[in-house]
Structure formats: C-alpha cells, structure tokens
>>> print(open('input-v6.txt').read())   # compact mmCIF, C-alpha atoms
# COMPACT_ATOMS: atom_id res chain seq x y z
CA MET A 1 161.63 181.07 154.09
CA SER A 2 162.16 178.47 156.83
CA ALA A 3 161.07 178.48 160.45
CA THR A 4 162.97 177.15 163.42
CA VAL A 5 161.45 175.03 166.18
CA PRO A 6 162.99 175.41 169.59
CA SER A 7 164.07 172.20 171.28
CA SER A 8 165.71 171.33 174.52
CA GLY A 9 168.26 169.40 172.50
CA GLY A 10 169.29 172.37 170.45
CA THR A 11 168.27 173.39 167.03
CA ALA A 12 166.85 170.98 164.29
CA PRO A 13 167.05 171.30 160.52
CA THR A 14 164.05 172.79 158.77
CA ARG A 15 161.75 171.04 156.12
CA SER A 16 159.40 172.40 153.60
CA GLN A 17 155.60 171.64 153.76
CA PRO A 18 155.51 169.41 150.64
CA GLU A 19 158.14 167.11 152.01
CA GLU A 20 156.23 166.79 155.26
CA ALA A 21 153.03 165.80 153.39
CA ALA A 22 154.81 163.12 151.39
CA THR A 23 156.44 161.70 154.54
CA HIS A 24 153.06 161.60 156.29
CA ASP A 25 151.45 159.62 153.40
CA MET A 26 154.22 156.97 153.44
CA ARG A 27 153.95 156.46 157.18
CA SER A 28 150.19 156.13 157.09
CA GLY A 29 150.46 153.26 154.54
CA LYS A 30 148.66 155.02 151.70
CA GLN A 31 149.90 154.71 148.14
CA GLY A 32 151.82 157.64 146.90
CA SER A 33 150.78 159.60 143.91
CA SER A 34 153.78 158.68 141.79
CA PRO A 35 152.55 157.55 138.29
CA SER A 36 155.72 155.60 137.50
CA ARG A 37 155.28 153.19 140.41
CA PHE A 38 151.59 152.45 139.45
CA GLY A 39 152.55 151.59 135.88
CA GLU A 40 155.25 149.20 137.03
CA ARG A 41 152.72 147.27 139.13
CA LEU A 42 150.19 147.12 136.27
CA MET A 43 152.76 145.70 133.86
CA LEU A 44 153.80 143.04 136.38
CA THR A 45 150.19 141.85 136.84
CA GLY A 46 149.58 141.61 133.08
CA THR A 47 152.76 139.60 132.60
CA TRP A 48 151.58 137.00 135.12
CA LEU A 49 148.15 136.69 133.46
CA VAL A 50 149.66 136.12 130.02
CA ALA A 51 152.07 133.50 131.42
CA ILE A 52 149.24 131.58 133.11
CA SER A 53 147.12 131.62 129.91
CA VAL A 54 149.99 130.28 127.84
CA VAL A 55 150.58 127.43 130.29
CA LEU A 56 146.88 126.45 130.31
CA PHE A 57 146.57 126.57 126.53
CA ALA A 58 149.72 124.46 126.12
CA GLY A 59 148.31 121.88 128.54
CA PHE A 60 145.02 121.73 126.63
CA LEU A 61 146.83 121.14 123.32
CA ALA A 62 148.94 118.40 124.89
CA TRP A 63 145.79 116.67 126.21
CA ARG A 64 144.13 116.76 122.78
CA VAL A 65 147.23 115.40 121.09
CA ARG A 66 147.51 112.52 123.55
CA GLY A 67 143.78 111.68 123.18
CA SER A 68 143.86 111.62 119.39
CA SER A 69 147.05 109.59 119.21
CA ALA A 70 145.77 107.00 121.73
CA ALA A 71 142.73 105.96 119.63
CA PRO A 72 143.08 106.89 115.97
CA LEU A 73 139.99 106.37 113.81
CA GLU A 74 140.50 104.10 110.85
CA PRO A 75 138.06 104.96 108.07
CA THR A 76 136.39 101.81 106.78
CA LEU A 77 133.50 103.37 104.83
CA ALA A 78 132.89 106.15 102.38
CA PRO A 79 133.29 109.58 103.96
CA THR A 80 129.57 110.29 103.58
CA LEU A 81 128.48 107.30 105.70
CA LEU A 82 129.30 106.67 109.34
CA VAL A 83 128.28 103.28 110.72
CA VAL A 84 127.56 103.08 114.41
CA GLN A 85 127.64 99.63 116.00
CA PRO A 86 126.36 98.70 119.45
CA THR A 87 128.69 97.14 122.00
CA THR A 88 128.13 95.06 125.08
CA GLN A 89 131.53 95.78 126.62
CA LEU A 90 130.72 99.14 128.19
CA GLY A 91 129.25 97.92 131.47
CA SER A 92 125.92 99.17 132.64
CA VAL A 93 126.06 102.34 130.57
CA GLY A 94 125.38 100.45 127.34
CA LEU A 95 126.57 103.19 125.00
CA PRO A 96 127.65 102.24 121.47
CA THR A 97 131.10 102.75 119.97
CA LEU A 98 132.11 103.96 116.57
CA SER A 99 133.23 101.36 114.05
CA GLY A 100 137.01 100.99 114.20
CA GLN A 101 137.26 102.84 117.52
CA SER A 102 138.23 101.57 120.97
CA ASN A 103 135.74 101.33 123.80
CA GLY A 104 137.07 104.53 125.24
CA ALA A 105 135.33 106.65 122.60
CA GLN A 106 131.54 106.47 122.65
CA ALA A 107 128.72 107.76 120.51
CA ILE A 108 124.93 107.63 120.43
CA THR A 109 123.37 105.47 117.71
CA ARG A 110 120.96 107.15 115.31
CA LEU A 111 119.16 104.82 112.92
CA ALA A 112 118.95 105.83 109.28
CA MET A 113 115.43 106.37 107.88
CA LEU A 114 115.34 104.44 104.61
CA HIS A 115 111.86 105.55 103.58
CA THR A 116 109.54 108.49 103.86
CA THR A 117 106.29 108.06 105.78
CA ILE A 118 103.40 109.09 103.54
CA PRO A 119 99.99 109.61 105.19
CA GLU A 120 97.30 107.21 104.02
CA ARG A 121 94.73 108.79 101.74
CA GLU A 122 91.25 107.58 100.89
CA ARG A 123 91.26 105.30 97.87
CA GLN A 124 89.36 106.75 94.91
CA LYS A 125 89.41 103.90 92.40
CA VAL A 126 87.79 100.46 92.23
CA ILE A 127 90.29 97.60 92.37
CA THR A 128 89.91 93.87 91.74
CA TYR A 129 90.44 90.84 93.97
CA THR A 130 90.69 87.17 92.96
CA VAL A 131 88.91 84.75 95.32
CA GLU A 132 91.16 82.24 97.06
CA GLY A 133 90.53 79.14 99.14
CA GLY A 134 88.79 79.87 102.43
CA ASP A 135 87.55 83.30 101.32
CA ALA A 136 84.08 84.60 102.08
CA ILE A 137 82.37 87.88 101.27
CA PHE A 138 82.50 88.84 104.94
CA SER A 139 86.24 88.22 105.34
CA ILE A 140 87.10 89.84 101.99
CA ALA A 141 85.15 92.96 102.89
CA LYS A 142 86.77 93.12 106.31
CA SER A 143 90.25 92.97 104.79
CA PHE A 144 89.44 96.11 102.77
CA ASP A 145 87.67 97.82 105.70
CA LEU A 146 84.30 97.70 103.93
CA ASP A 147 80.82 96.45 104.78
CA PRO A 148 80.07 93.04 103.20
CA GLU A 149 77.00 94.50 101.49
CA THR A 150 79.29 96.87 99.57
CA VAL A 151 81.21 93.98 97.99
CA LEU A 152 77.99 92.07 97.35
CA TYR A 153 76.33 95.05 95.58
CA ALA A 154 79.40 95.74 93.41
CA ASN A 155 79.36 92.18 92.03
CA TYR A 156 75.68 91.56 91.39
CA ASP A 157 76.38 90.24 87.89
CA GLN A 158 78.34 87.34 89.43
CA LEU A 159 76.81 86.84 92.89
CA ASN A 160 73.16 87.84 92.36
CA ASP A 161 73.16 89.08 95.97
CA SER A 162 74.10 85.63 97.29
CA PRO A 163 77.40 85.34 99.17
CA ASP A 164 77.10 81.56 98.72
CA PHE A 165 77.63 81.98 94.96
CA LEU A 166 81.26 82.90 95.62
CA THR A 167 83.65 80.53 93.82
CA LEU A 168 87.41 80.03 93.65
CA GLY A 169 89.12 82.19 91.04
CA MET A 170 86.22 84.64 90.77
CA VAL A 171 87.44 88.20 90.17
CA LEU A 172 85.55 90.68 92.34
CA ARG A 173 85.28 94.45 92.13
CA ILE A 174 86.30 96.14 95.38
CA PRO A 175 84.89 99.67 95.72
CA PRO A 176 86.93 102.38 97.46
CA VAL A 177 84.27 103.28 100.05
CA ASP A 178 81.06 101.82 101.45
CA GLY A 179 78.03 102.24 99.24
CA ILE A 180 76.87 101.06 95.83
CA TYR A 181 79.01 100.80 92.71
CA TYR A 182 76.47 101.42 89.97
CA GLN A 183 76.54 101.26 86.18
CA TRP A 184 74.55 104.12 84.64
CA GLN A 185 71.49 103.03 82.61
CA GLU A 186 69.46 104.67 79.89
CA GLY A 187 66.97 107.14 81.41
CA ASP A 188 68.81 107.47 84.75
CA THR A 189 69.02 110.90 86.38
CA LEU A 190 71.00 112.05 89.38
CA GLU A 191 67.82 112.77 91.30
CA ASN A 192 66.22 109.38 90.59
CA ILE A 193 69.32 107.33 91.39
CA ALA A 194 69.97 109.35 94.56
CA ASN A 195 66.39 108.74 95.74
CA GLU A 196 66.55 105.03 94.90
CA TYR A 197 69.69 104.47 96.96
CA LEU A 198 68.80 106.85 99.80
CA VAL A 199 71.46 109.54 99.24
CA LYS A 200 71.60 113.10 97.92
CA PRO A 201 72.62 114.03 94.35
CA GLU A 202 75.56 116.04 95.69
CA ASP A 203 76.89 112.87 97.36
CA ILE A 204 77.37 111.35 93.90
CA LEU A 205 78.69 114.54 92.34
CA GLY A 206 81.03 115.26 95.23
CA PHE A 207 82.86 111.92 95.16
CA THR A 208 86.21 112.72 93.53
CA GLY A 209 86.64 109.25 92.06
CA ASN A 210 83.56 109.73 89.84
CA LYS A 211 85.35 112.56 87.97
CA ILE A 212 82.14 114.37 87.14
CA ASP A 213 82.42 117.92 85.80
CA LEU A 214 80.54 119.96 88.39
CA THR A 215 79.99 122.81 85.92
CA ASN A 216 78.33 120.43 83.45
CA PRO A 217 77.42 117.19 85.27
CA GLN A 218 76.90 114.65 82.49
CA ILE A 219 77.03 110.88 83.11
CA GLU A 220 77.21 108.63 80.07
CA VAL A 221 75.18 105.43 79.72
CA GLY A 222 77.39 102.49 80.78
CA GLN A 223 79.60 104.66 82.99
CA TRP A 224 80.30 103.27 86.48
CA VAL A 225 79.81 105.64 89.40
CA MET A 226 80.29 105.28 93.12
CA ILE A 227 77.29 106.13 95.31
CA PRO A 228 78.85 106.67 98.76
CA ASP A 229 76.70 105.27 101.60
CA GLY A 230 74.08 104.08 99.12
CA TYR A 231 71.87 101.22 100.30
CA ARG A 232 69.26 98.77 99.03
CA GLU A 233 67.76 95.57 100.38
CA PRO A 234 69.74 92.56 99.15
CA ARG A 235 67.89 89.73 97.44
CA GLN A 236 67.70 86.61 99.61
CA TRP A 237 68.49 83.21 98.13
CA ILE A 238 67.23 80.77 100.75
CA ILE A 239 65.52 77.46 101.21
CA PRO A 240 62.08 78.37 102.61
CA VAL A 241 60.95 77.35 106.07
CA ILE A 242 59.39 73.88 105.99
CA PRO A 243 57.16 73.15 109.03
CA ARG A 244 56.81 69.43 109.75
CA GLY A 245 53.01 69.33 109.44
CA GLN A 246 52.89 70.95 106.01
CA ALA A 247 53.71 69.69 102.55
CA GLY A 248 57.35 69.87 101.55
CA VAL A 249 58.86 72.15 98.92
CA ALA A 250 59.25 71.20 95.25
CA LYS A 251 62.31 69.11 94.44
CA SER A 252 62.51 70.79 91.03
CA LEU A 253 63.02 74.16 92.69
CA TYR A 254 65.03 73.33 95.79
CA GLY A 255 66.84 70.09 95.09
CA SER A 256 66.45 66.34 95.45
CA GLY A 257 66.88 66.54 99.23
CA ALA A 258 63.46 68.21 99.64
CA CYS A 259 61.13 66.07 101.78
CA ASP A 260 57.46 65.37 101.06
CA GLY A 261 56.38 66.87 104.39
CA GLY A 262 53.16 66.34 106.27
CA TYR A 263 54.94 64.72 109.22
CA THR A 264 53.12 64.55 112.53
CA GLY A 265 54.47 63.73 115.93
CA GLY A 266 58.15 63.03 116.35
CA ALA A 267 60.72 64.67 118.65
CA TYR A 268 60.26 68.21 119.91
CA GLY A 269 62.85 70.77 120.80
CA THR A 270 63.94 71.65 124.31
CA GLY A 271 63.99 75.37 123.57
CA THR A 272 67.74 75.51 124.12
CA PHE A 273 70.58 74.98 121.66
CA VAL A 274 74.03 73.40 121.64
CA TRP A 275 76.86 74.02 119.18
CA PRO A 276 76.40 71.88 116.05
CA THR A 277 80.17 71.24 115.77
CA ASP A 278 83.07 70.62 118.10
CA SER A 279 84.58 73.85 116.78
CA HIS A 280 83.22 77.12 118.15
CA THR A 281 85.24 79.35 115.84
CA LEU A 282 83.91 81.54 113.05
CA SER A 283 85.27 80.89 109.56
CA GLY A 284 84.32 83.09 106.64
CA ASN A 285 80.94 84.80 106.83
CA ASP A 286 79.39 86.05 110.03
CA TYR A 287 75.69 86.87 110.40
CA TRP A 288 74.74 89.98 108.39
CA SER A 289 71.98 91.18 106.09
CA GLY A 290 73.38 89.33 103.07
CA HIS A 291 74.23 86.15 104.97
CA LEU A 292 71.61 85.10 107.50
CA ALA A 293 73.78 82.44 109.08
CA ILE A 294 77.24 81.89 110.54
CA ASP A 295 80.01 79.85 108.96
CA ILE A 296 81.74 77.67 111.55
CA ALA A 297 85.31 76.49 110.99
CA ALA A 298 85.70 72.74 110.57
CA GLY A 299 87.83 70.11 108.88
CA LEU A 300 86.54 67.86 106.13
CA GLY A 301 84.22 65.21 107.56
CA ASP A 302 84.11 66.61 111.09
CA PRO A 303 80.91 65.58 112.91
CA VAL A 304 77.80 67.73 112.76
CA TYR A 305 75.27 67.50 115.60
CA ALA A 306 71.61 68.47 115.90
CA ALA A 307 71.54 71.78 117.76
CA ASP A 308 68.20 70.73 119.31
CA SER A 309 65.74 67.85 119.05
CA GLY A 310 63.24 67.72 116.17
CA VAL A 311 62.19 66.11 112.87
CA ILE A 312 64.18 66.14 109.60
CA VAL A 313 62.26 68.06 106.89
CA PHE A 314 65.08 68.36 104.31
CA SER A 315 67.97 65.96 103.79
CA GLY A 316 70.24 65.74 100.76
CA SER A 317 71.22 67.80 97.73
CA SER A 318 69.89 71.34 97.52
CA SER A 319 69.94 74.24 95.11
CA GLN A 320 70.72 77.89 95.86
CA GLY A 321 74.36 77.04 96.60
CA TYR A 322 73.77 75.09 99.82
CA GLY A 323 75.17 71.77 98.57
CA LEU A 324 74.29 68.79 100.78
CA MET A 325 71.95 70.09 103.46
CA ILE A 326 69.81 69.11 106.46
CA MET A 327 66.92 71.12 107.94
CA ILE A 328 65.34 70.22 111.28
CA ASP A 329 61.93 71.43 112.42
CA HIS A 330 61.93 71.58 116.23
CA GLY A 331 58.15 71.77 116.64
CA ASN A 332 58.26 74.96 118.75
CA GLY A 333 58.58 77.58 116.02
CA TYR A 334 62.32 77.02 115.50
CA GLN A 335 64.06 75.44 112.51
CA THR A 336 67.80 74.95 112.07
CA LEU A 337 69.69 74.42 108.79
CA TYR A 338 73.10 72.78 108.21
CA ALA A 339 74.69 73.27 104.77
CA HIS A 340 77.79 72.43 102.63
CA LEU A 341 77.91 68.95 104.22
CA SER A 342 80.09 66.14 102.91
CA SER A 343 77.56 63.52 104.05
CA VAL A 344 74.12 63.21 105.66
CA SER A 345 73.02 60.42 107.97
CA ALA A 346 69.49 61.44 108.88
CA GLY A 347 66.70 61.00 106.33
CA CYS A 348 63.36 62.76 105.80
CA GLY A 349 60.81 62.44 108.60
CA ARG A 350 63.30 61.00 111.09
CA SER A 351 63.39 62.21 114.70
CA VAL A 352 66.76 63.36 115.98
CA TYR A 353 67.75 64.52 119.42
CA GLN A 354 69.89 67.34 120.72
CA GLY A 355 73.60 66.57 120.23
CA GLN A 356 72.94 63.59 117.92
CA TYR A 357 75.26 63.06 114.93
CA ILE A 358 73.50 63.95 111.66
CA GLY A 359 76.31 64.27 109.09
CA GLY A 360 79.83 65.47 108.28
CA THR A 361 81.17 68.91 107.41
CA GLY A 362 82.31 69.59 103.86
CA THR A 363 82.53 72.12 101.06
CA THR A 364 79.71 71.10 98.71
CA GLY A 365 77.67 73.68 96.83
CA ASN A 366 79.04 77.20 96.49
CA SER A 367 81.86 77.07 99.00
CA THR A 368 85.53 78.07 98.93
CA GLY A 369 86.59 75.89 101.85
CA THR A 370 85.38 73.34 104.38
CA HIS A 371 83.03 74.78 106.99
CA LEU A 372 79.48 74.46 108.35
CA HIS A 373 76.85 76.98 107.23
CA PHE A 374 74.44 77.14 110.20
CA GLU A 375 71.08 78.96 110.20
CA VAL A 376 68.47 79.47 112.92
CA ARG A 377 64.91 80.47 112.02
CA TYR A 378 61.95 81.32 114.21
CA LEU A 379 58.32 81.64 113.06
CA GLY A 380 59.49 82.09 109.48
CA GLY A 381 62.09 84.75 110.25
CA PHE A 382 65.83 84.56 110.78
CA VAL A 383 67.58 84.72 114.14
CA SER A 384 71.28 85.29 114.63
CA PRO A 385 72.79 82.01 115.86
CA TRP A 386 74.88 84.03 118.31
CA TYR A 387 71.62 84.87 120.08
CA VAL A 388 70.69 81.26 120.86
CA LEU A 389 74.01 79.41 121.05
CA PRO A 390 75.92 79.23 124.35
CA PRO A 391 79.07 81.37 124.56
CA PRO A 392 81.96 79.76 122.65
>>> encode(input="input-v6.txt", output="structure tokens")
Amino acid sequence: MSATVPSSGGTAPTRSQPEEAATHDMRSGKQGSSPSRFGERLMLTGTWLVAISVVLFAGFLAWRVRGSSAAPLEPTLAPTLLVVQPTTQLGSVGLPTLSGQSNGAQAITRLAMLHTTIPERERQKVITYTVEGGDAIFSIAKSFDLDPETVLYANYDQLNDSPDFLTLGMVLRIPPVDGIYYQWQEGDTLENIANEYLVKPEDILGFTGNKIDLTNPQIEVGQWVMIPDGYREPRQWIIPVIPRGQAGVAKSLYGSGACDGGYTGGAYGTGTFVWPTDSHTLSGNDYWSGHLAIDIAAGLGDPVYAADSGVIVFSGSSSQGYGLMIMIDHGNGYQTLYAHLSSVSAGCGRSVYQGQYIGGTGTTGNSTGTHLHFEVRYLGGFVSPWYVLPPP
C-alpha cells in the first residue's frame, strides 16, 4: 500500500521504505551493503600487490645477475682451500680481497691454525744435557727452571758438589723438579730417606715419575727415585782463608801457588771495593749455596784489578778446580780471591793497591769459558760480592 504526500506542486510518485533507506545511505557517503561490490575491490587490491612483488623480485634477480657477471671468480686452488690475500688498494678501509677477485669484492682474512696448542704438563722423567762452551751449573739450571743445587745433587758422581768441576762434553742428569735425585742403597727405608732429606715419605711415594706401587711400595736397590723438594748441605771445595800473619797452606794440598805466609805489615784495605774487571756483567754462575762467588764475563787476557788494597797470600796454580789464582788479604778481616786466570803478575807477600793490575782473565782449571771467578770473604765466612761491589 502506498501513501500520498500533498504538495503545492501537485501530486508526487510514491516510494517504498527500503528504497528510501538505500538512497539515504548513498547520499550520506556510507558504503552500501552489496557483497558483489566489496569483492571487486578486494580482488583489485590483491592484483596490485602481486604485480608490485613480481616487479621487485625481477629487479633483485637482475641485480644479482649483473653483480656476478661483473666479477666472476676464477678458481685457482682446490675446492677445499680458499686463499685470502691482503691488498693495499682499498683505501683507508684496508680490507682484503679474495684471490682472483677484483677489488670490488671484499672478505675478512682468517688465518689457518696449523697446529694444536697443547697445555704444558710437568715433566716426570729425568733427561740428559751435554755441557757446552760457556755453560755453568747456574745457567744450565736456569734454562730448565730448576735450582742450581738440584742439578748439582743429581750429578754428585761427576761434580762432587763442586760446580767448578764442570767440563766440556760432560753429560749431566737433569731432574724434572727441584729436589734430590737419589739412587736407592742397601738398607734404605722410605722413613729414613725422607728424614735425611727433610721431606715426608708420601712426598716420595706421591711423585708420579717414581712409578711406585702405592698398594705395595717396594723400591729396589739401585733404583733411582726423585725426592721432590729434598735438601742437604752441599760439600764445599774451597781454598781456605789465609790471613797474612799466619803460616800459609800446604802446596801439596792446594797447589804450587800457595804462599808460605807469616807476612807482617804491607798495604791495608780501604774498606770499600771496586769491580775487579772492566766488565760488570755476570757470566755463568751467580752467588748461591753451591757457588760462593760470582763469575764475571770477560775476554781472554782482559785485565784483572785488585778490588781493594792488601797483601798477596796466594799466587799461582791451585787445586780444587780454580786454575791460576790470586788471593789478597786486606788486613781488615776481608780477603778476595780471583780464579781461572790466564796469567798472574803479583807474587806472594807483595802489597797491591785498590784498582792495581794483578793478572789477566782466562779459563784455567775447571772452566767451560773465559771469565773471572771472584770471591769475597769476611772473618772466615763468605760474603756475596753483590753486597760489597758498587752497582754495575
């Protein structure tokens, strides 16, 4: 049923209510509810997205093709090895280039590791070392990171606790750790040997290199064992102190250079010391319990000077490995000794003065190279020369 609306212009056609609602929605700008029109718009949007993606992908492929064709790699090595070489033509960046490639392509160098780093482990076995020219017990021990006493103890059969008995070509035992390398004797027990060398029995048993069965600890006579941190007093091979007013030592025991002694008067020391050589550099043995002196580097025949004023109480050939030797009594409790000389120029009983020439350096006696063996003694005991000499 339709209704009529009166108008001054006459009558107007009638419309149904649904048509009026649709017309109102179109005028107000709102989207209609027609499903066909929504689908058309959705399809149009998707088509544009696909087209854009295709264009971008095609451009990317073209860029890759141009890049690969501009700088082709020419294989020069086996496929399993890629050599990277540095270049200096890349400006301040300094990046390397691949072998056979233009400067436009760059890579980061990675060096090949040709070996495997193995952590250092404590040595367990005794090794040997052959003495060469210029060697000394102190320097040999230092090269193996050991105390000099350790090397001295391990070679008692050759050195008799004297580092001056070292000779060229001598083959030394070098223990793996500091301590005493000991050959088991008849009647020895773990407890007795441990007490003698100031360690505990378990220190001997626990050292892996000894290979002792802990369940049945048996050590055979003649077997060598390492006593870690073991210690004993080394035997000293020295020319005794010879005061000027007393009788000298026996030539039959200490060598033909021994003086008769009984000297009175003469020069007295100043109480200070100068270096006995022009060189102030250590060579070979330093001052330690087995070597109560310092070895000073020198060339053959270099001058030797009196470290202080005094009277000569020994001059010439000596025993105990010293070679040609001079000893000066300074009259104030000090004596100084100069050994392994090539020549001596000051005779027994002669007064010499500080800095005076008394001989030449050499390698006489038990020596593996030219140097000066220099001792300082005070009131019968030994003093480290470093304590009395001026700084080098």
>>> atom_distance(input="input-v6.txt", atom1="CA of Tyr322 (chain A)", atom2="CA of Tyr338 (chain A)")
8.7 Å
>>> atom_distance(input="input-v6.txt", atom1="CA of Leu253 (chain A)", atom2="CA of Ser317 (chain A)")
11.5 Å
>>> closest_residue(input="input-v6.txt", among="A:Ile180, A:Ala194, A:Val249, A:Val304", to="Gly355 (chain A)", atoms="only C-alpha atoms")
A:Val304
>>> atom_distance(input="input-v6.txt", atom1="CA of Gly269 (chain A)", atom2="CA of Gly359 (chain A)")
19.0 Å
>>> residues_around(input="input-v6.txt", residues="Glu122 (chain A)", least_positions_apart="2", cutoff="12 Å", atoms="only C-alpha atoms", output="mmCIF file with C-alpha atoms, in the frame of the given file")
data_model
loop_
_atom_site.group_PDB
_atom_site.id
_atom_site.type_symbol
_atom_site.label_atom_id
_atom_site.label_comp_id
_atom_site.auth_asym_id
_atom_site.auth_seq_id
_atom_site.Cartn_x
_atom_site.Cartn_y
_atom_site.Cartn_z
ATOM 1 C CA PRO A 119 99.990 109.610 105.190
ATOM 2 C CA GLU A 120 97.300 107.210 104.020
ATOM 3 C CA GLN A 124 89.360 106.750 94.910
ATOM 4 C CA LYS A 125 89.410 103.900 92.400
ATOM 5 C CA VAL A 126 87.790 100.460 92.230
ATOM 6 C CA PHE A 144 89.440 96.110 102.770
ATOM 7 C CA ASP A 145 87.670 97.820 105.700
ATOM 8 C CA PRO A 175 84.890 99.670 95.720
ATOM 9 C CA PRO A 176 86.930 102.380 97.460
ATOM 10 C CA VAL A 177 84.270 103.280 100.050
ATOM 11 C CA ASP A 178 81.060 101.820 101.450
ATOM 12 C CA PHE A 207 82.860 111.920 95.160
ATOM 13 C CA THR A 208 86.210 112.720 93.530
ATOM 14 C CA GLY A 209 86.640 109.250 92.060
#
>>> decode(input="input-v6.txt", residues="region 224-238 of chain A", atoms="N, CA and C atoms", output="PDB file, in the first residue's frame")
ATOM      1  N   TRP A 224     116.616 -45.480  40.901  1.00  0.00           N
ATOM      2  CA  TRP A 224     116.675 -44.030  41.083  1.00  0.00           C
ATOM      3  C   TRP A 224     115.281 -43.508  41.394  1.00  0.00           C
ATOM      4  N   VAL A 225     115.186 -42.638  42.389  1.00  0.00           N
ATOM      5  CA  VAL A 225     113.908 -42.035  42.752  1.00  0.00           C
ATOM      6  C   VAL A 225     114.090 -40.526  42.880  1.00  0.00           C
ATOM      7  N   MET A 226     113.033 -39.824  42.608  1.00  0.00           N
ATOM      8  CA  MET A 226     113.034 -38.366  42.776  1.00  0.00           C
ATOM      9  C   MET A 226     112.449 -38.028  44.138  1.00  0.00           C
ATOM     10  N   ILE A 227     113.181 -37.186  44.887  1.00  0.00           N
ATOM     11  CA  ILE A 227     112.700 -36.725  46.197  1.00  0.00           C
ATOM     12  C   ILE A 227     112.347 -35.251  46.036  1.00  0.00           C
ATOM     13  N   PRO A 228     111.098 -34.937  45.703  1.00  0.00           N
ATOM     14  CA  PRO A 228     110.715 -33.543  45.457  1.00  0.00           C
ATOM     15  C   PRO A 228     110.975 -32.662  46.672  1.00  0.00           C
ATOM     16  N   ASP A 229     111.617 -31.518  46.431  1.00  0.00           N
ATOM     17  CA  ASP A 229     111.927 -30.529  47.477  1.00  0.00           C
ATOM     18  C   ASP A 229     112.902 -31.049  48.533  1.00  0.00           C
ATOM     19  N   GLY A 230     113.576 -32.157  48.245  1.00  0.00           N
ATOM     20  CA  GLY A 230     114.591 -32.651  49.166  1.00  0.00           C
ATOM     21  C   GLY A 230     115.780 -31.693  49.227  1.00  0.00           C
ATOM     22  N   TYR A 231     116.464 -31.682  50.363  1.00  0.00           N
ATOM     23  CA  TYR A 231     117.589 -30.746  50.531  1.00  0.00           C
ATOM     24  C   TYR A 231     118.652 -31.358  51.438  1.00  0.00           C
ATOM     25  N   ARG A 232     119.916 -31.008  51.126  1.00  0.00           N
ATOM     26  CA  ARG A 232     121.043 -31.319  52.001  1.00  0.00           C
ATOM     27  C   ARG A 232     122.096 -30.228  51.805  1.00  0.00           C
ATOM     28  N   GLU A 233     122.984 -30.091  52.738  1.00  0.00           N
ATOM     29  CA  GLU A 233     124.055 -29.115  52.623  1.00  0.00           C
ATOM     30  C   GLU A 233     125.087 -29.604  51.602  1.00  0.00           C
ATOM     31  N   PRO A 234     125.389 -28.799  50.595  1.00  0.00           N
ATOM     32  CA  PRO A 234     126.409 -29.231  49.632  1.00  0.00           C
ATOM     33  C   PRO A 234     127.802 -29.173  50.240  1.00  0.00           C
ATOM     34  N   ARG A 235     128.662 -30.062  49.777  1.00  0.00           N
ATOM     35  CA  ARG A 235     130.057 -30.058  50.201  1.00  0.00           C
ATOM     36  C   ARG A 235     130.777 -28.888  49.530  1.00  0.00           C
ATOM     37  N   GLN A 236     131.595 -28.178  50.284  1.00  0.00           N
ATOM     38  CA  GLN A 236     132.318 -27.030  49.747  1.00  0.00           C
ATOM     39  C   GLN A 236     133.765 -27.410  49.412  1.00  0.00           C
ATOM     40  N   TRP A 237     134.134 -27.115  48.157  1.00  0.00           N
ATOM     41  CA  TRP A 237     135.504 -27.312  47.708  1.00  0.00           C
ATOM     42  C   TRP A 237     136.134 -25.927  47.557  1.00  0.00           C
ATOM     43  N   ILE A 238     136.874 -25.493  48.559  1.00  0.00           N
ATOM     44  CA  ILE A 238     137.399 -24.132  48.541  1.00  0.00           C
ATOM     45  C   ILE A 238     138.843 -24.097  49.022  1.00  0.00           C
TER      46      ILE A 238
END
